[in-house]
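Q: One file is attached below, work.tsv, containing TSV, C-alpha atoms and all ligand atoms.
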```tsv
chain	number	residue	atom	x	y	z
A	18	MET	CA	15.91	-8.96	-27.99
A	19	THR	CA	15.02	-12.02	-25.97
A	20	LYS	CA	11.60	-12.16	-24.47
A	21	ILE	CA	11.68	-11.64	-20.72
A	22	THR	CA	9.59	-14.03	-18.66
A	23	TYR	CA	10.14	-12.63	-15.19
A	24	SER	CA	10.45	-9.03	-14.09
A	25	ILE	CA	11.24	-8.35	-10.45
A	26	ILE	CA	10.60	-4.87	-9.07
A	27	ALA	CA	12.23	-3.56	-5.92
A	28	PRO	CA	11.71	-0.03	-4.59
A	29	ILE	CA	14.74	1.33	-2.78
A	30	TYR	CA	14.96	4.18	-0.31
A	31	ASN	CA	18.26	4.47	1.59
A	32	GLU	CA	19.13	0.78	1.63
A	33	ILE	CA	22.87	0.95	1.01
A	34	GLU	CA	23.60	-1.88	3.48
A	35	ILE	CA	21.20	-4.18	1.70
A	36	ILE	CA	21.39	-3.63	-2.04
A	37	ASP	CA	24.33	-5.95	-2.79
A	38	GLU	CA	23.01	-8.84	-0.73
A	39	PHE	CA	19.54	-8.38	-2.21
A	40	CYS	CA	20.78	-8.46	-5.81
A	41	LYS	CA	22.93	-11.51	-5.04
A	42	ARG	CA	19.98	-13.41	-3.53
A	43	ILE	CA	17.66	-12.49	-6.41
A	44	LYS	CA	20.25	-13.59	-8.96
A	45	MET	CA	20.78	-16.88	-7.16
A	46	VAL	CA	17.06	-17.62	-7.13
A	47	MET	CA	16.20	-16.38	-10.61
A	48	ASP	CA	19.07	-18.16	-12.34
A	49	THR	CA	17.53	-21.48	-11.28
A	50	THR	CA	14.52	-20.77	-13.53
A	51	SER	CA	16.63	-20.93	-16.72
A	52	GLU	CA	14.37	-18.35	-18.30
A	53	ALA	CA	15.09	-14.71	-19.08
A	54	TRP	CA	14.56	-12.34	-16.17
A	55	GLU	CA	15.25	-8.73	-15.24
A	56	LEU	CA	15.52	-6.90	-11.94
A	57	ILE	CA	14.26	-3.33	-11.86
A	58	LEU	CA	15.63	-1.25	-9.01
A	59	VAL	CA	13.62	1.89	-8.48
A	60	ASN	CA	15.62	4.39	-6.50
A	61	ASP	CA	13.12	6.52	-4.60
A	62	GLY	CA	15.30	9.55	-3.90
A	63	SER	CA	17.90	7.88	-1.69
A	64	THR	CA	20.46	10.12	-0.05
A	65	ASP	CA	22.84	7.54	1.45
A	66	GLY	CA	24.82	6.48	-1.61
A	67	SER	CA	22.27	3.89	-2.75
A	68	THR	CA	21.83	5.84	-5.98
A	69	GLU	CA	25.48	5.48	-6.99
A	70	ARG	CA	25.53	1.80	-6.06
A	71	ILE	CA	22.39	1.12	-8.09
A	72	ARG	CA	23.92	2.89	-11.07
A	73	GLU	CA	27.06	0.72	-10.80
A	74	LEU	CA	25.07	-2.49	-10.48
A	75	ALA	CA	22.92	-1.61	-13.47
A	76	SER	CA	25.93	-0.92	-15.67
A	77	SER	CA	27.77	-4.07	-14.62
A	78	SER	CA	24.89	-6.50	-15.02
A	79	GLU	CA	22.70	-7.11	-18.03
A	80	GLN	CA	19.74	-8.15	-15.95
A	81	ILE	CA	19.64	-5.16	-13.63
A	82	ARG	CA	17.92	-1.98	-14.78
A	83	ALA	CA	17.76	1.23	-12.80
A	84	VAL	CA	14.99	3.79	-12.59
A	85	ILE	CA	16.17	6.80	-10.63
A	86	PHE	CA	13.66	9.30	-9.25
A	87	ALA	CA	14.28	13.02	-9.00
A	88	ARG	CA	13.24	12.91	-5.33
A	89	ASN	CA	11.44	10.72	-2.80
A	90	PHE	CA	7.94	9.97	-4.07
A	91	GLY	CA	7.03	7.14	-1.71
A	92	HIS	CA	6.97	3.37	-1.87
A	93	GLN	CA	3.70	2.93	-3.78
A	94	ILE	CA	4.77	5.36	-6.48
A	95	ALA	CA	8.18	3.69	-6.78
A	96	VAL	CA	6.51	0.34	-7.35
A	97	THR	CA	4.22	2.00	-9.92
A	98	ALA	CA	7.25	3.21	-11.86
A	99	GLY	CA	8.64	-0.32	-11.73
A	100	LEU	CA	5.40	-1.64	-13.23
A	101	ASP	CA	5.65	0.96	-16.00
A	102	TYR	CA	9.20	-0.07	-16.94
A	103	ALA	CA	8.83	-3.85	-16.50
A	104	ARG	CA	8.87	-5.84	-19.72
A	105	GLY	CA	8.30	-9.36	-18.41
A	106	GLU	CA	5.41	-11.73	-19.00
A	107	SER	CA	5.04	-11.76	-15.24
A	108	VAL	CA	6.02	-9.06	-12.77
A	109	THR	CA	6.86	-9.66	-9.12
A	110	ILE	CA	6.88	-6.84	-6.58
A	111	ILE	CA	9.25	-7.40	-3.68
A	112	ASP	CA	10.76	-5.34	-0.85
A	113	ALA	CA	14.50	-4.79	-1.10
A	114	ASP	CA	15.12	-5.31	2.63
A	115	LEU	CA	14.89	-9.12	2.32
A	116	GLN	CA	11.82	-9.25	4.56
A	117	ASP	CA	10.18	-10.94	1.61
A	118	PRO	CA	12.53	-13.90	1.01
A	119	PRO	CA	13.51	-14.05	-2.70
A	120	GLU	CA	13.15	-17.85	-2.57
A	121	VAL	CA	9.37	-17.40	-2.19
A	122	VAL	CA	9.30	-15.91	-5.69
A	123	LEU	CA	9.67	-19.47	-7.00
A	124	ASP	CA	6.47	-20.47	-5.18
A	125	LEU	CA	4.67	-17.51	-6.72
A	126	ILE	CA	5.95	-18.48	-10.17
A	127	GLU	CA	4.71	-22.03	-9.68
A	128	LYS	CA	1.15	-20.79	-9.12
A	129	TRP	CA	1.43	-18.46	-12.09
A	130	LYS	CA	2.39	-21.42	-14.27
A	131	GLU	CA	-0.73	-23.17	-13.00
A	132	GLY	CA	-2.74	-20.36	-14.58
A	133	TYR	CA	-3.30	-17.74	-11.87
A	134	GLN	CA	-2.96	-14.09	-12.87
A	135	VAL	CA	-2.43	-12.63	-9.40
A	136	VAL	CA	-0.43	-14.61	-6.85
A	137	TYR	CA	-0.15	-12.72	-3.57
A	138	ALA	CA	2.06	-13.72	-0.68
A	139	VAL	CA	0.29	-14.02	2.68
A	140	ARG	CA	2.26	-13.42	5.87
A	141	SER	CA	1.71	-16.37	8.14
A	142	GLU	CA	4.32	-15.10	10.59
A	143	ARG	CA	6.26	-11.89	11.02
A	144	GLU	CA	9.69	-11.80	12.55
A	145	GLY	CA	11.68	-8.96	14.05
A	146	GLU	CA	8.97	-6.32	14.07
A	147	SER	CA	7.69	-4.40	17.07
A	148	TRP	CA	4.36	-5.35	18.64
A	149	PHE	CA	3.14	-1.87	17.72
A	150	LYS	CA	3.88	-2.44	14.03
A	151	LYS	CA	2.26	-5.88	14.08
A	152	PHE	CA	-0.76	-4.61	15.98
A	153	THR	CA	-1.37	-1.56	13.78
A	154	ALA	CA	-0.80	-3.64	10.63
A	155	SER	CA	-3.24	-6.29	11.77
A	156	LEU	CA	-5.86	-3.69	12.73
A	157	PHE	CA	-5.33	-1.90	9.42
A	158	TYR	CA	-5.89	-5.03	7.31
A	159	ARG	CA	-9.05	-5.85	9.24
A	160	ILE	CA	-10.56	-2.36	8.98
A	161	ILE	CA	-9.83	-2.23	5.25
A	162	TYR	CA	-11.33	-5.67	4.82
A	163	LYS	CA	-14.53	-4.63	6.62
A	164	ILE	CA	-15.26	-1.27	5.05
A	165	THR	CA	-14.01	-1.49	1.48
A	166	ASP	CA	-16.00	-2.72	-1.48
A	167	VAL	CA	-13.27	-4.97	-2.85
A	168	GLU	CA	-12.09	-8.12	-1.18
A	169	ILE	CA	-8.55	-7.33	-0.20
A	170	PRO	CA	-7.01	-10.45	1.34
A	171	LEU	CA	-5.94	-10.21	4.98
A	172	ASP	CA	-2.26	-9.95	6.03
A	173	THR	CA	-1.08	-9.41	2.49
A	174	GLY	CA	1.37	-6.71	1.47
A	175	ASP	CA	2.57	-5.75	-1.96
A	176	PHE	CA	4.74	-8.85	-2.29
A	177	ARG	CA	3.00	-10.52	-5.22
A	178	LEU	CA	3.31	-11.72	-8.77
A	179	LEU	CA	1.16	-10.16	-11.48
A	180	ASP	CA	0.54	-11.50	-14.94
A	181	ARG	CA	1.22	-9.20	-17.90
A	182	LYS	CA	-2.54	-8.83	-18.44
A	183	VAL	CA	-2.98	-7.49	-14.90
A	184	VAL	CA	0.06	-5.22	-15.18
A	185	ASP	CA	-1.35	-3.66	-18.35
A	186	VAL	CA	-4.61	-2.88	-16.55
A	187	MET	CA	-2.73	-1.53	-13.51
A	188	ASN	CA	-0.69	0.72	-15.78
A	189	SER	CA	-3.86	2.20	-17.22
A	190	MET	CA	-5.09	3.14	-13.71
A	191	ARG	CA	-3.29	6.42	-13.12
A	192	GLU	CA	-4.90	7.47	-9.83
A	193	LYS	CA	-2.63	9.70	-7.75
A	194	HIS	CA	-3.24	8.23	-4.30
A	195	ARG	CA	-2.40	4.63	-4.79
A	196	PHE	CA	-3.06	1.49	-2.82
A	197	LEU	CA	-1.60	-1.12	-5.14
A	198	ARG	CA	-2.71	-4.26	-3.34
A	199	GLY	CA	-6.30	-2.97	-3.44
A	200	MET	CA	-5.98	-2.09	-7.11
A	201	SER	CA	-4.72	-5.53	-8.04
A	202	SER	CA	-7.54	-7.18	-6.06
A	203	TRP	CA	-10.07	-4.91	-7.74
A	204	ILE	CA	-8.96	-6.02	-11.22
A	205	GLY	CA	-10.09	-9.61	-10.70
A	206	TYR	CA	-8.98	-12.54	-12.90
A	207	LYS	CA	-7.81	-15.68	-11.12
A	208	GLN	CA	-6.15	-14.78	-7.83
A	209	ILE	CA	-4.60	-16.98	-5.18
A	210	GLY	CA	-2.52	-16.60	-2.02
A	211	VAL	CA	0.68	-18.38	-1.04
A	212	GLU	CA	1.75	-18.38	2.62
A	213	TYR	CA	5.23	-17.37	3.69
A	214	LYS	CA	7.13	-16.39	6.78
A	215	ARG	CA	8.03	-12.70	6.75
A	216	ALA	CA	11.62	-12.39	7.88
A	217	ALA	CA	13.25	-9.66	9.88
A	218	ARG	CA	14.91	-6.80	8.04
A	219	PHE	CA	18.38	-7.74	6.76
A	220	ALA	CA	19.83	-4.43	7.98
A	221	GLY	CA	18.81	-0.86	8.66
A	222	GLU	CA	15.57	0.58	9.92
A	223	THR	CA	12.05	0.57	8.57
A	224	LYS	CA	11.44	3.34	6.03
A	225	TYR	CA	7.75	3.27	6.87
A	226	PRO	CA	7.30	5.38	9.99
A	227	PHE	CA	3.85	5.73	11.53
A	228	LYS	CA	3.07	8.83	9.47
A	229	LYS	CA	3.62	7.03	6.17
A	230	MET	CA	1.58	4.05	7.36
A	231	LEU	CA	-1.28	6.35	8.27
A	232	LYS	CA	-1.13	7.96	4.84
A	233	LEU	CA	-1.25	4.56	3.18
A	234	ALA	CA	-4.22	3.57	5.35
A	235	LEU	CA	-6.08	6.74	4.39
A	236	ASN	CA	-5.37	6.11	0.72
A	237	ALA	CA	-6.67	2.59	1.08
A	238	ILE	CA	-9.88	3.69	2.77
A	239	THR	CA	-10.66	6.70	0.60
A	240	GLY	CA	-9.61	4.86	-2.55
A	241	PHE	CA	-11.92	1.94	-2.02
A	242	SER	CA	-14.80	3.08	0.16
A	243	TYR	CA	-17.35	5.86	0.66
A	244	PHE	CA	-18.08	4.63	4.15
A	245	PRO	CA	-16.43	7.55	6.00
A	246	LEU	CA	-18.56	10.01	4.02
A	247	GLN	CA	-21.69	8.13	4.98
A	248	VAL	CA	-20.81	8.07	8.68
A	249	ALA	CA	-21.78	11.77	8.90
A	250	SER	CA	-25.31	11.01	7.79
A	251	TYR	CA	-25.62	8.15	10.28
A	252	PHE	CA	-24.56	10.52	13.04
A	253	GLY	CA	-27.01	13.12	11.72
A	254	PHE	CA	-29.92	10.71	11.83
A	255	ALA	CA	-28.95	9.47	15.28
A	256	SER	CA	-28.67	12.92	16.85
A	257	ALA	CA	-31.81	14.22	15.12
A	258	GLY	CA	-33.65	11.14	16.39
A	259	LEU	CA	-32.33	11.75	19.87
A	260	ALA	CA	-33.47	15.38	19.76
A	261	ILE	CA	-36.98	14.43	18.64
A	262	ILE	CA	-37.28	12.09	21.62
A	263	ALA	CA	-35.65	14.57	24.02
A	264	ILE	CA	-37.90	17.55	23.24
A	265	PRO	CA	-41.19	16.10	24.58
A	266	VAL	CA	-39.40	14.35	27.43
A	267	VAL	CA	-37.80	17.58	28.68
A	268	ALA	CA	-41.02	19.55	28.12
A	269	ILE	CA	-43.00	17.09	30.23
A	270	MET	CA	-40.32	17.02	32.94
A	271	ARG	CA	-40.38	20.82	33.13
A	272	MET	CA	-44.17	20.94	33.35
A	273	THR	CA	-44.12	18.42	36.16
A	274	GLY	CA	-41.64	20.57	38.07
A	275	SER	CA	-38.34	18.64	37.53
A	276	HIS	CA	-35.15	20.72	37.43
A	277	PHE	CA	-33.02	17.93	35.99
A	278	PHE	CA	-32.14	19.57	32.66
A	279	GLU	CA	-31.48	23.08	33.89
A	280	GLY	CA	-28.08	24.74	33.77
A	281	GLN	CA	-25.27	25.16	31.29
A	282	THR	CA	-23.53	21.81	31.61
A	283	THR	CA	-25.92	19.85	29.45
A	284	THR	CA	-25.98	22.61	26.83
A	285	LEU	CA	-22.20	22.86	26.78
A	286	ILE	CA	-21.73	19.12	26.45
A	287	SER	CA	-24.15	18.80	23.57
A	288	VAL	CA	-22.70	21.82	21.75
A	289	LEU	CA	-19.18	20.44	22.12
A	290	PHE	CA	-20.23	16.98	21.05
A	291	LEU	CA	-22.08	18.13	17.95
A	292	GLY	CA	-19.39	20.68	17.11
A	293	GLY	CA	-16.83	17.89	17.29
A	294	VAL	CA	-18.84	15.57	15.11
A	295	GLN	CA	-19.32	18.31	12.54
A	296	LEU	CA	-15.65	19.20	12.43
A	297	ILE	CA	-14.66	15.57	12.04
A	298	SER	CA	-17.16	15.21	9.21
A	299	LEU	CA	-15.71	18.30	7.55
A	300	GLY	CA	-12.24	16.81	7.89
A	301	ILE	CA	-13.37	13.59	6.24
A	302	LEU	CA	-14.94	15.60	3.44
A	303	GLY	CA	-11.61	17.44	3.17
A	304	GLU	CA	-9.75	14.16	2.70
A	305	TYR	CA	-11.89	13.28	-0.29
A	306	ILE	CA	-11.88	16.81	-1.75
A	307	GLY	CA	-8.09	17.05	-1.47
A	308	ARG	CA	-7.82	13.83	-3.42
A	309	LEU	CA	-10.24	15.13	-6.05
A	310	TYR	CA	-8.08	18.25	-6.32
A	311	ASP	CA	-4.94	16.18	-6.84
A	312	GLU	CA	-6.66	14.24	-9.61
A	313	ALA	CA	-7.85	17.47	-11.22
A	314	LYS	CA	-4.32	18.90	-11.30
A	315	GLY	CA	-3.26	15.90	-13.35
A	316	ARG	CA	0.42	16.05	-12.45
A	317	PRO	CA	2.62	13.10	-13.40
A	318	LEU	CA	2.88	10.41	-10.73
A	319	TYR	CA	6.67	10.66	-10.57
A	320	ILE	CA	9.64	12.37	-12.17
A	321	VAL	CA	12.46	10.19	-13.40
A	322	SER	CA	15.95	11.65	-13.56
A	323	GLU	CA	17.56	8.56	-15.05
A	324	ALA	CA	15.59	5.94	-16.96
A	325	PRO	CA	16.96	2.51	-17.94
A	326	GLU	CA	19.17	2.67	-21.02
A	327	ASP	CA	17.47	-0.12	-22.98
B	401	LIG	N1	10.65	2.41	0.32
B	401	LIG	C1	10.64	3.30	-0.74
B	401	LIG	N2	10.25	4.60	-0.51
B	401	LIG	C2	9.85	5.04	0.73
B	401	LIG	C3	9.83	4.10	1.79
B	401	LIG	C4	10.23	2.81	1.55
B	401	LIG	O1	10.99	2.95	-1.86
B	401	LIG	O2	9.52	6.22	0.86
B	401	LIG	C5	11.09	1.00	0.08
B	401	LIG	C6	12.13	0.47	1.03
B	401	LIG	O3	13.44	0.77	0.60
B	401	LIG	C7	11.86	-1.02	1.00
B	401	LIG	C8	10.36	-1.10	0.78
B	401	LIG	O4	9.97	0.17	0.25
B	401	LIG	O5	12.51	-1.69	-0.05
B	401	LIG	C9	9.59	-1.40	2.05
B	401	LIG	O6	9.93	-0.46	3.07
B	401	LIG	P1	10.20	-0.89	4.57
B	401	LIG	O7	10.92	-2.19	4.61
B	401	LIG	O8	10.86	0.25	5.25
B	401	LIG	O9	8.72	-1.07	5.11
B	401	LIG	P2	8.23	-2.15	6.19
B	401	LIG	O10	8.68	-3.49	5.71
B	401	LIG	O11	8.88	-1.76	7.48
B	401	LIG	O12	6.74	-1.99	6.21
B	402	MG	MG	10.56	-3.93	5.33
```
Output the file's structure in the form of structure tokens.
A:
Amino acid sequence: MTKITYSIIAPIYNEIEIIDEFCKRIKMVMDTTSEAWELILVNDGSTDGSTERIRELASSSEQIRAVIFARNFGHQIAVTAGLDYARGESVTIIDADLQDPPEVVLDLIEKWKEGYQVVYAVRSEREGESWFKKFTASLFYRIIYKITDVEIPLDTGDFRLLDRKVVDVMNSMREKHRFLRGMSSWIGYKQIGVEYKRAARFAGETKYPFKKMLKLALNAITGFSYFPLQVASYFGFASAGLAIIAIPVVAIMRMTGSHFFEGQTTTLISVLFLGGVQLISLGILGEYIGRLYDEAKGRPLYIVSEAPED
């Protein structure tokens, strides 16, 4: 078997209008490299006929391989499966909706040839997305950047090229709640960014509604930071400190005849406030414990119903 230089991974969830165009564009770009390449389409439980189309494409082309999931497992898990099945010396993760222009893959490859092991694509502009999406995405990247222990580059998605060495390390990290761009930053080696203009979706709607984005954000934060757990102790110290100051102040005011702190309002407000803070802290604890529980169960990350033939 010939050695494959470039693997391209694309997760697909209900993208029937896009698949053909995507494969065509990838083929056009990759054929210019005159080296062996493969395209791995990971079908993440599509229900719109994408599955059948992917099957057809895989059987009619030598370069296309299909991994078909038993159900929808989510984008990050689909990409993980792609990494598991990829055989190339370099592996590029790309969205199937053509928001990440396939032509940019050549720029990523160029940097890889210069000796970088992780080449991530940085969005200098985003087209055709709502202000809400852009705003939440921008806020998300900045919060993650501030509170996590690894340096995750700003405005960078999963569109990136990874060297075989990095892929092997990634494949050994089997954590259940995955934030791949954080994981690949965490690994280290020589990393560099390449700017590109993120295009509008070729067709169809985003498959990342707010709920899924929130889940990804929580995975990113809990996966790479203890900060939320520590916030409870900061609040504890602050309110205990406040109480220590308040006790003598109120005692003195009472003795001097002031009626300022009498009545239920102040009591009610402080009980509600502290109750709220405690419940939020419990919820944060719950987020981490739930993740621990998932790790303890040790279930497989995904179930494949059809694996590539070769
Ligand atoms: N995707 C997936 N599983 C999901 C959601 C999305 O495999 O549960 C794929 C989707 O088909 C696309 C890529 O992940 O190829 C990125 O999704 P999308 O374009 O909807 O996200 P956005 O660009 O809007 O953030
Ligand atoms: Mg998209």
Q: Residues within 7 Å of ligand MG 402 (chain B) (only C-alpha atoms and all ligand atoms), as a ChimeraX atom specification?
A: /A:112,114,116,218,223
Q: Which residues, written as an mmCIF file with C-alpha atoms, keeping the file's coordinate frame, have at least one atom at most 9 Å from Ala27 (chain A), with only C-alpha atoms counted and residues fewer than 2 positions away on the same chain left out?
A:
```cif
data_model
loop_
_atom_site.group_PDB
_atom_site.id
_atom_site.type_symbol
_atom_site.label_atom_id
_atom_site.label_comp_id
_atom_site.auth_asym_id
_atom_site.auth_seq_id
_atom_site.Cartn_x
_atom_site.Cartn_y
_atom_site.Cartn_z
ATOM 1 C CA ILE A 25 11.240 -8.350 -10.450
ATOM 2 C CA ILE A 29 14.740 1.330 -2.780
ATOM 3 C CA LEU A 56 15.520 -6.900 -11.940
ATOM 4 C CA ILE A 57 14.260 -3.330 -11.860
ATOM 5 C CA LEU A 58 15.630 -1.250 -9.010
ATOM 6 C CA VAL A 59 13.620 1.890 -8.480
ATOM 7 C CA ASN A 60 15.620 4.390 -6.500
ATOM 8 C CA ALA A 95 8.180 3.690 -6.780
ATOM 9 C CA VAL A 96 6.510 0.340 -7.350
ATOM 10 C CA GLY A 99 8.640 -0.320 -11.730
ATOM 11 C CA THR A 109 6.860 -9.660 -9.120
ATOM 12 C CA ILE A 110 6.880 -6.840 -6.580
ATOM 13 C CA ILE A 111 9.250 -7.400 -3.680
ATOM 14 C CA ASP A 112 10.760 -5.340 -0.850
ATOM 15 C CA ALA A 113 14.500 -4.790 -1.100
#
```
Q: When you draw a straight line from CA of Ser67 (chain A) to CA of Ala98 (chain A), how long is it in Å?
A: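 These two atoms are separated by 17.6 Å.
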Q: Give me the residues within 8 Å of region 139-149 of chain A as number ranges by chain, counting only C-alpha atoms and dropping any in the same chain fewer than 2 places off.
A: A: 137, 151-153, 171-174, 210-218
Q: Given the choices A:Ile85, A:Val136, A:Val294, A:Met270, which gets closest to Glu323 (chain A) if the distance is worked out from only C-alpha atoms?
A: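 The shortest atom-to-atom distance to Glu323 (chain A) comes from A:Ile85.
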Q: What are the centre and edge lengths in Å, to one decimal, of the axis-aligned box around all listed atoms of region 105-114 of chain A with 8 Å added on each side, as lines of an AutoDock Vina configuration file?
A:
```
center_x = 10.1
center_y = -8.3
center_z = -8.2
size_x = 26.1
size_y = 23.0
size_z = 37.6
```
Q: Select, from A:Ala263, A:Val183, A:Leu156, A:Val167, the residue with the minimum atom-to-atom distance to Ala234 (chain A), counting all atoms listed in the file.
A: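 Under the stated criterion, the closest residue is A:Leu156.
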Q: Nearest to Asp117 (chain A): which of A:Ala87, A:Ile269, A:Ile43, A:Leu302 is it, counting only C-alpha atoms?
A: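 That would be A:Ile43, the residue with the smallest distance to Asp117 (chain A).
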Q: From the list A:Ile301, A:Val84, A:Ala75, A:Ile209, which residue is nearest ligand LIG 401 (chain B) when using all atoms listed in the file?
A: A:Val84
Q: How far is it from CA of Val122 (chain A) to CA of Ala53 (chain A), in Å with one decimal?
A: 14.6 Å
Q: Rounded to one decimal place, report the CA of Leu115 (chain A)-CA of Arg198 (chain A) distance in Å.
A: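 Result for CA of Leu115 (chain A) versus CA of Arg198 (chain A): 19.1 Å, one decimal.
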Q: Hey, which of A:Ile204, A:Met190, A:Leu100, A:Ile26 ends up closest to ligand LIG 401 (chain B)? Count all atoms listed in the file.
A: A:Ile26
Q: For Gly62 (chain A), which residue out of A:Glu192, A:Glu168, A:Asp175, A:Glu32 is the nearest one, using all atoms listed in the file?
A: A:Glu32
Q: Give as a ChimeraX atom specification every residue, naming chains and numbers as the document does, that has an atom within 9 Å of (10.4, -11.5, -20.1), counting all atoms listed in the file.
A: /A:19-24,52-55,103-108
Q: Show me, as a list in words, the residues that have an atom within 12 Å of Leu299 (chain A) when counting all atoms listed in the file, minus same-chain residues fewer than 5 positions from it.
A: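 Once the adjacent positions are removed, what remains is Pro245, Leu246, Val248, Ala249, Gly292, Gly293, Val294, Glu304, Tyr305, Ile306 and Gly307 of chain A.
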Q: Mind rebuilding region 228-240 of chain A with N, CA, C and O atoms and writing that out as a PDB file, in the frame of the given file?
A:
```pdb
ATOM      1  N   LYS A 228       3.723   7.832  10.312  1.00  0.00           N
ATOM      2  CA  LYS A 228       3.070   8.830   9.470  1.00  0.00           C
ATOM      3  C   LYS A 228       2.798   8.287   8.059  1.00  0.00           C
ATOM      4  O   LYS A 228       1.722   8.479   7.504  1.00  0.00           O
ATOM      5  N   LYS A 229       3.798   7.590   7.524  1.00  0.00           N
ATOM      6  CA  LYS A 229       3.620   7.030   6.170  1.00  0.00           C
ATOM      7  C   LYS A 229       2.589   5.910   6.167  1.00  0.00           C
ATOM      8  O   LYS A 229       1.832   5.755   5.215  1.00  0.00           O
ATOM      9  N   MET A 230       2.569   5.128   7.273  1.00  0.00           N
ATOM     10  CA  MET A 230       1.580   4.050   7.360  1.00  0.00           C
ATOM     11  C   MET A 230       0.174   4.611   7.401  1.00  0.00           C
ATOM     12  O   MET A 230      -0.739   4.094   6.773  1.00  0.00           O
ATOM     13  N   LEU A 231       0.032   5.718   8.154  1.00  0.00           N
ATOM     14  CA  LEU A 231      -1.280   6.350   8.270  1.00  0.00           C
ATOM     15  C   LEU A 231      -1.739   6.865   6.908  1.00  0.00           C
ATOM     16  O   LEU A 231      -2.904   6.730   6.524  1.00  0.00           O
ATOM     17  N   LYS A 232      -0.811   7.430   6.161  1.00  0.00           N
ATOM     18  CA  LYS A 232      -1.130   7.960   4.840  1.00  0.00           C
ATOM     19  C   LYS A 232      -1.597   6.835   3.914  1.00  0.00           C
ATOM     20  O   LYS A 232      -2.586   6.975   3.194  1.00  0.00           O
ATOM     21  N   LEU A 233      -0.875   5.711   4.007  1.00  0.00           N
ATOM     22  CA  LEU A 233      -1.250   4.560   3.180  1.00  0.00           C
ATOM     23  C   LEU A 233      -2.640   4.066   3.563  1.00  0.00           C
ATOM     24  O   LEU A 233      -3.467   3.762   2.698  1.00  0.00           O
ATOM     25  N   ALA A 234      -2.909   4.031   4.879  1.00  0.00           N
ATOM     26  CA  ALA A 234      -4.220   3.570   5.350  1.00  0.00           C
ATOM     27  C   ALA A 234      -5.321   4.486   4.839  1.00  0.00           C
ATOM     28  O   ALA A 234      -6.373   4.025   4.378  1.00  0.00           O
ATOM     29  N   LEU A 235      -5.073   5.798   4.877  1.00  0.00           N
ATOM     30  CA  LEU A 235      -6.080   6.740   4.390  1.00  0.00           C
ATOM     31  C   LEU A 235      -6.309   6.577   2.894  1.00  0.00           C
ATOM     32  O   LEU A 235      -7.442   6.651   2.409  1.00  0.00           O
ATOM     33  N   ASN A 236      -5.220   6.342   2.151  1.00  0.00           N
ATOM     34  CA  ASN A 236      -5.370   6.110   0.720  1.00  0.00           C
ATOM     35  C   ASN A 236      -6.187   4.859   0.446  1.00  0.00           C
ATOM     36  O   ASN A 236      -6.995   4.821  -0.479  1.00  0.00           O
ATOM     37  N   ALA A 237      -5.945   3.842   1.264  1.00  0.00           N
ATOM     38  CA  ALA A 237      -6.670   2.590   1.080  1.00  0.00           C
ATOM     39  C   ALA A 237      -8.158   2.802   1.321  1.00  0.00           C
ATOM     40  O   ALA A 237      -9.005   2.378   0.534  1.00  0.00           O
ATOM     41  N   ILE A 238      -8.468   3.510   2.411  1.00  0.00           N
ATOM     42  CA  ILE A 238      -9.880   3.690   2.770  1.00  0.00           C
ATOM     43  C   ILE A 238     -10.583   4.608   1.775  1.00  0.00           C
ATOM     44  O   ILE A 238     -11.624   4.265   1.223  1.00  0.00           O
ATOM     45  N   THR A 239      -9.981   5.766   1.507  1.00  0.00           N
ATOM     46  CA  THR A 239     -10.660   6.700   0.600  1.00  0.00           C
ATOM     47  C   THR A 239     -10.685   6.164  -0.833  1.00  0.00           C
ATOM     48  O   THR A 239     -11.602   6.443  -1.579  1.00  0.00           O
ATOM     49  N   GLY A 240      -9.676   5.381  -1.189  1.00  0.00           N
ATOM     50  CA  GLY A 240      -9.610   4.860  -2.550  1.00  0.00           C
ATOM     51  C   GLY A 240     -10.619   3.762  -2.833  1.00  0.00           C
ATOM     52  O   GLY A 240     -10.975   3.511  -3.976  1.00  0.00           O
TER      53      GLY A 240
END
```
